[in-house]
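The structure under discussion appears below in the form of structure tokens.
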Amino acid sequence: MLENGQPLASSQEKDVIVINRRSFLGALLGIGTAAMGALLAVPVLRYVLYPLYAKASGTEWSDVGAVSDFAAALVPVRKTVTFAQRDGWREVVSTQSVYVHRSESGDLRVLSAICPHLGCSVSWQQGQSEFVCPCHGGRFQANGTHVSGPPPRGMDALPTRIADGKLQVRFEYFRSNVPNKEKLS
Ligand code: FES
């Protein structure tokens, strides 16, 4: 028999055509499902792997005190600053001691109290007019310059700015026991 001028397909041929359509639709569905799964997996994977590729972010600015508080400071003034640091998913809030040094010209400098030798806490010794580290006897001038002892460099000065009459600092950590200041991320 003829259909539209063509011979009619046999029932076996019809079965093959139906099966081919089904396999094509099945493959299309499979590809669609796989693509959708991949699309959904991207944000999940990004979230799960975030701590592996995210670097610890730097800290924000912390208030040290009103600029006027240091106008008459003749010796370094000890202050405690609080700051948050993000490491992967975690936000860690820390406190650290700093010293504010006022130069003769009135410029304010904020020094980390972390000893650049092996990380002990340096303190200002009024009687000796020097910073002294209790661990191995490192000594520094009031402006942080290294005087004597094992520390390979002076005390680390931190980035500062003045906002609304307040002295602010961005606390940073530096590699210990190396001659040049190397910021840790
Ligand atoms: S840790 Fe300060 S001198 Fe060694």
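Convention: chains lettered A, B, ... in structure tokens order; per-chain residue numbering from 1; ligands numbered from 1 as shown.
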inquiry  = Let me see if you get this right: every residue at most 12 Å from ligand 1, counting only C-alpha atoms and all ligand atoms, written as a ChimeraX atom specification.
reply    = /A:113-123,131-140,146-155,176-177
Mind writing the picked residues with C-alpha atoms as a PDB file, in the first residue's frame?
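Below you can see part_17.pdb, which holds the result:
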ATOM      1  CA  ALA A 113      53.211  45.598  70.771  1.00  0.00           C
ATOM      2  CA  ILE A 114      54.017  42.190  69.239  1.00  0.00           C
ATOM      3  CA  CYS A 115      57.775  41.724  69.354  1.00  0.00           C
ATOM      4  CA  PRO A 116      59.159  41.209  65.830  1.00  0.00           C
ATOM      5  CA  HIS A 117      61.564  38.583  67.195  1.00  0.00           C
ATOM      6  CA  LEU A 118      59.319  35.730  68.332  1.00  0.00           C
ATOM      7  CA  GLY A 119      56.042  37.445  69.166  1.00  0.00           C
ATOM      8  CA  CYS A 120      56.172  38.220  72.885  1.00  0.00           C
ATOM      9  CA  SER A 121      54.482  41.360  74.144  1.00  0.00           C
ATOM     10  CA  VAL A 122      56.755  44.377  74.308  1.00  0.00           C
ATOM     11  CA  SER A 123      56.086  47.021  76.963  1.00  0.00           C
ATOM     12  CA  PHE A 131      60.463  49.428  75.072  1.00  0.00           C
ATOM     13  CA  VAL A 132      61.706  46.140  76.499  1.00  0.00           C
ATOM     14  CA  CYS A 133      60.683  42.650  75.483  1.00  0.00           C
ATOM     15  CA  PRO A 134      60.542  40.322  78.512  1.00  0.00           C
ATOM     16  CA  CYS A 135      61.375  37.164  76.555  1.00  0.00           C
ATOM     17  CA  HIS A 136      64.894  37.749  75.220  1.00  0.00           C
ATOM     18  CA  GLY A 137      65.581  41.334  76.200  1.00  0.00           C
ATOM     19  CA  GLY A 138      64.960  43.076  72.880  1.00  0.00           C
ATOM     20  CA  ARG A 139      65.012  46.867  73.265  1.00  0.00           C
ATOM     21  CA  PHE A 140      63.492  49.614  71.151  1.00  0.00           C
ATOM     22  CA  HIS A 146      65.526  48.657  67.305  1.00  0.00           C
ATOM     23  CA  VAL A 147      68.216  49.359  69.902  1.00  0.00           C
ATOM     24  CA  SER A 148      69.597  45.992  70.996  1.00  0.00           C
ATOM     25  CA  GLY A 149      68.839  42.319  71.505  1.00  0.00           C
ATOM     26  CA  PRO A 150      67.814  39.566  69.080  1.00  0.00           C
ATOM     27  CA  PRO A 151      64.888  41.219  67.222  1.00  0.00           C
ATOM     28  CA  PRO A 152      66.000  41.582  63.577  1.00  0.00           C
ATOM     29  CA  ARG A 153      63.999  44.798  62.982  1.00  0.00           C
ATOM     30  CA  GLY A 154      62.225  47.595  64.793  1.00  0.00           C
ATOM     31  CA  MET A 155      58.696  47.444  66.159  1.00  0.00           C
ATOM     32  CA  SER A 176      58.476  37.065  62.985  1.00  0.00           C
ATOM     33  CA  ASN A 177      62.230  37.046  63.039  1.00  0.00           C
TER      34      ASN A 177
END
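Nearest to Arg161 (chain A) of all the residues A:Val67, A:Val77, A:Met36, A:Leu25 is A:Val67, counting only C-alpha atoms.
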note = Pairwise distance, CA of Arg175 (chain A) with CA of Leu111 (chain A), equals 15.0 Å
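Across the structure, CA of Glu91 (chain A) and CA of Ala157 (chain A) are spaced 24.4 Å apart.
Proximity to Asp69 (chain A) was assessed for A:Gly165, A:Gly37, A:Gly30, A:Gly144 counting only C-alpha atoms; the smallest distance is recorded for A:Gly165.
With only C-alpha atoms as the atoms that count, the residue of A:Pro159, A:Pro76, A:Ser185, A:Pro179 with the shortest distance to Ser62 (chain A) is A:Pro159.
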key: Picked from region 136-183 of chain A by DSSP as strand (DSSP E or B), as JSON, numbers by chain   = {"A": [139, 140, 146, 147, 148, 157, 160, 161, 162, 163, 166, 167, 168, 169, 170, 174, 183]}
Could you save the residues just selected, with N, CA and C atoms, as a compact mmCIF listing (two decimals), in the first residue's frame?
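Result file is part.txt:
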# COMPACT_ATOMS: atom_id res chain seq x y z
N ARG A 139 65.29 45.49 72.84
CA ARG A 139 65.01 46.87 73.26
C ARG A 139 64.77 47.75 72.04
N PHE A 140 63.87 48.72 72.25
CA PHE A 140 63.49 49.61 71.15
C PHE A 140 63.33 51.04 71.69
N HIS A 146 64.83 49.71 66.56
CA HIS A 146 65.53 48.66 67.30
C HIS A 146 66.81 49.21 67.93
N VAL A 147 67.01 48.89 69.19
CA VAL A 147 68.22 49.36 69.90
C VAL A 147 69.19 48.20 70.11
N SER A 148 68.69 47.12 70.71
CA SER A 148 69.60 45.99 71.00
C SER A 148 68.78 44.72 71.21
N ALA A 157 55.18 49.36 62.68
CA ALA A 157 54.20 50.45 62.64
C ALA A 157 52.99 49.98 61.84
N THR A 160 47.47 53.85 59.79
CA THR A 160 46.58 54.69 60.61
C THR A 160 45.83 55.66 59.72
N ARG A 161 44.77 56.21 60.29
CA ARG A 161 44.06 57.31 59.63
C ARG A 161 43.32 58.08 60.73
N ILE A 162 42.89 59.28 60.38
CA ILE A 162 42.11 60.06 61.33
C ILE A 162 40.72 60.26 60.74
N ALA A 163 39.69 59.88 61.49
CA ALA A 163 38.31 60.01 61.02
C ALA A 163 37.48 60.58 62.15
N LYS A 166 39.07 61.07 65.41
CA LYS A 166 39.57 59.87 66.11
C LYS A 166 40.74 59.27 65.35
N LEU A 167 41.71 58.83 66.13
CA LEU A 167 42.83 58.09 65.53
C LEU A 167 42.36 56.64 65.36
N GLN A 168 42.52 56.14 64.14
CA GLN A 168 42.12 54.75 63.88
C GLN A 168 43.31 53.97 63.35
N VAL A 169 43.29 52.69 63.60
CA VAL A 169 44.39 51.83 63.15
C VAL A 169 43.81 50.59 62.48
N ARG A 170 44.56 50.08 61.53
CA ARG A 170 44.18 48.77 60.98
C ARG A 170 45.23 47.79 61.46
N PHE A 174 52.65 40.51 61.23
CA PHE A 174 53.84 40.45 60.37
C PHE A 174 54.67 39.23 60.72
N LYS A 183 54.02 41.48 55.74
CA LYS A 183 52.65 41.34 56.25
C LYS A 183 52.14 39.91 56.01
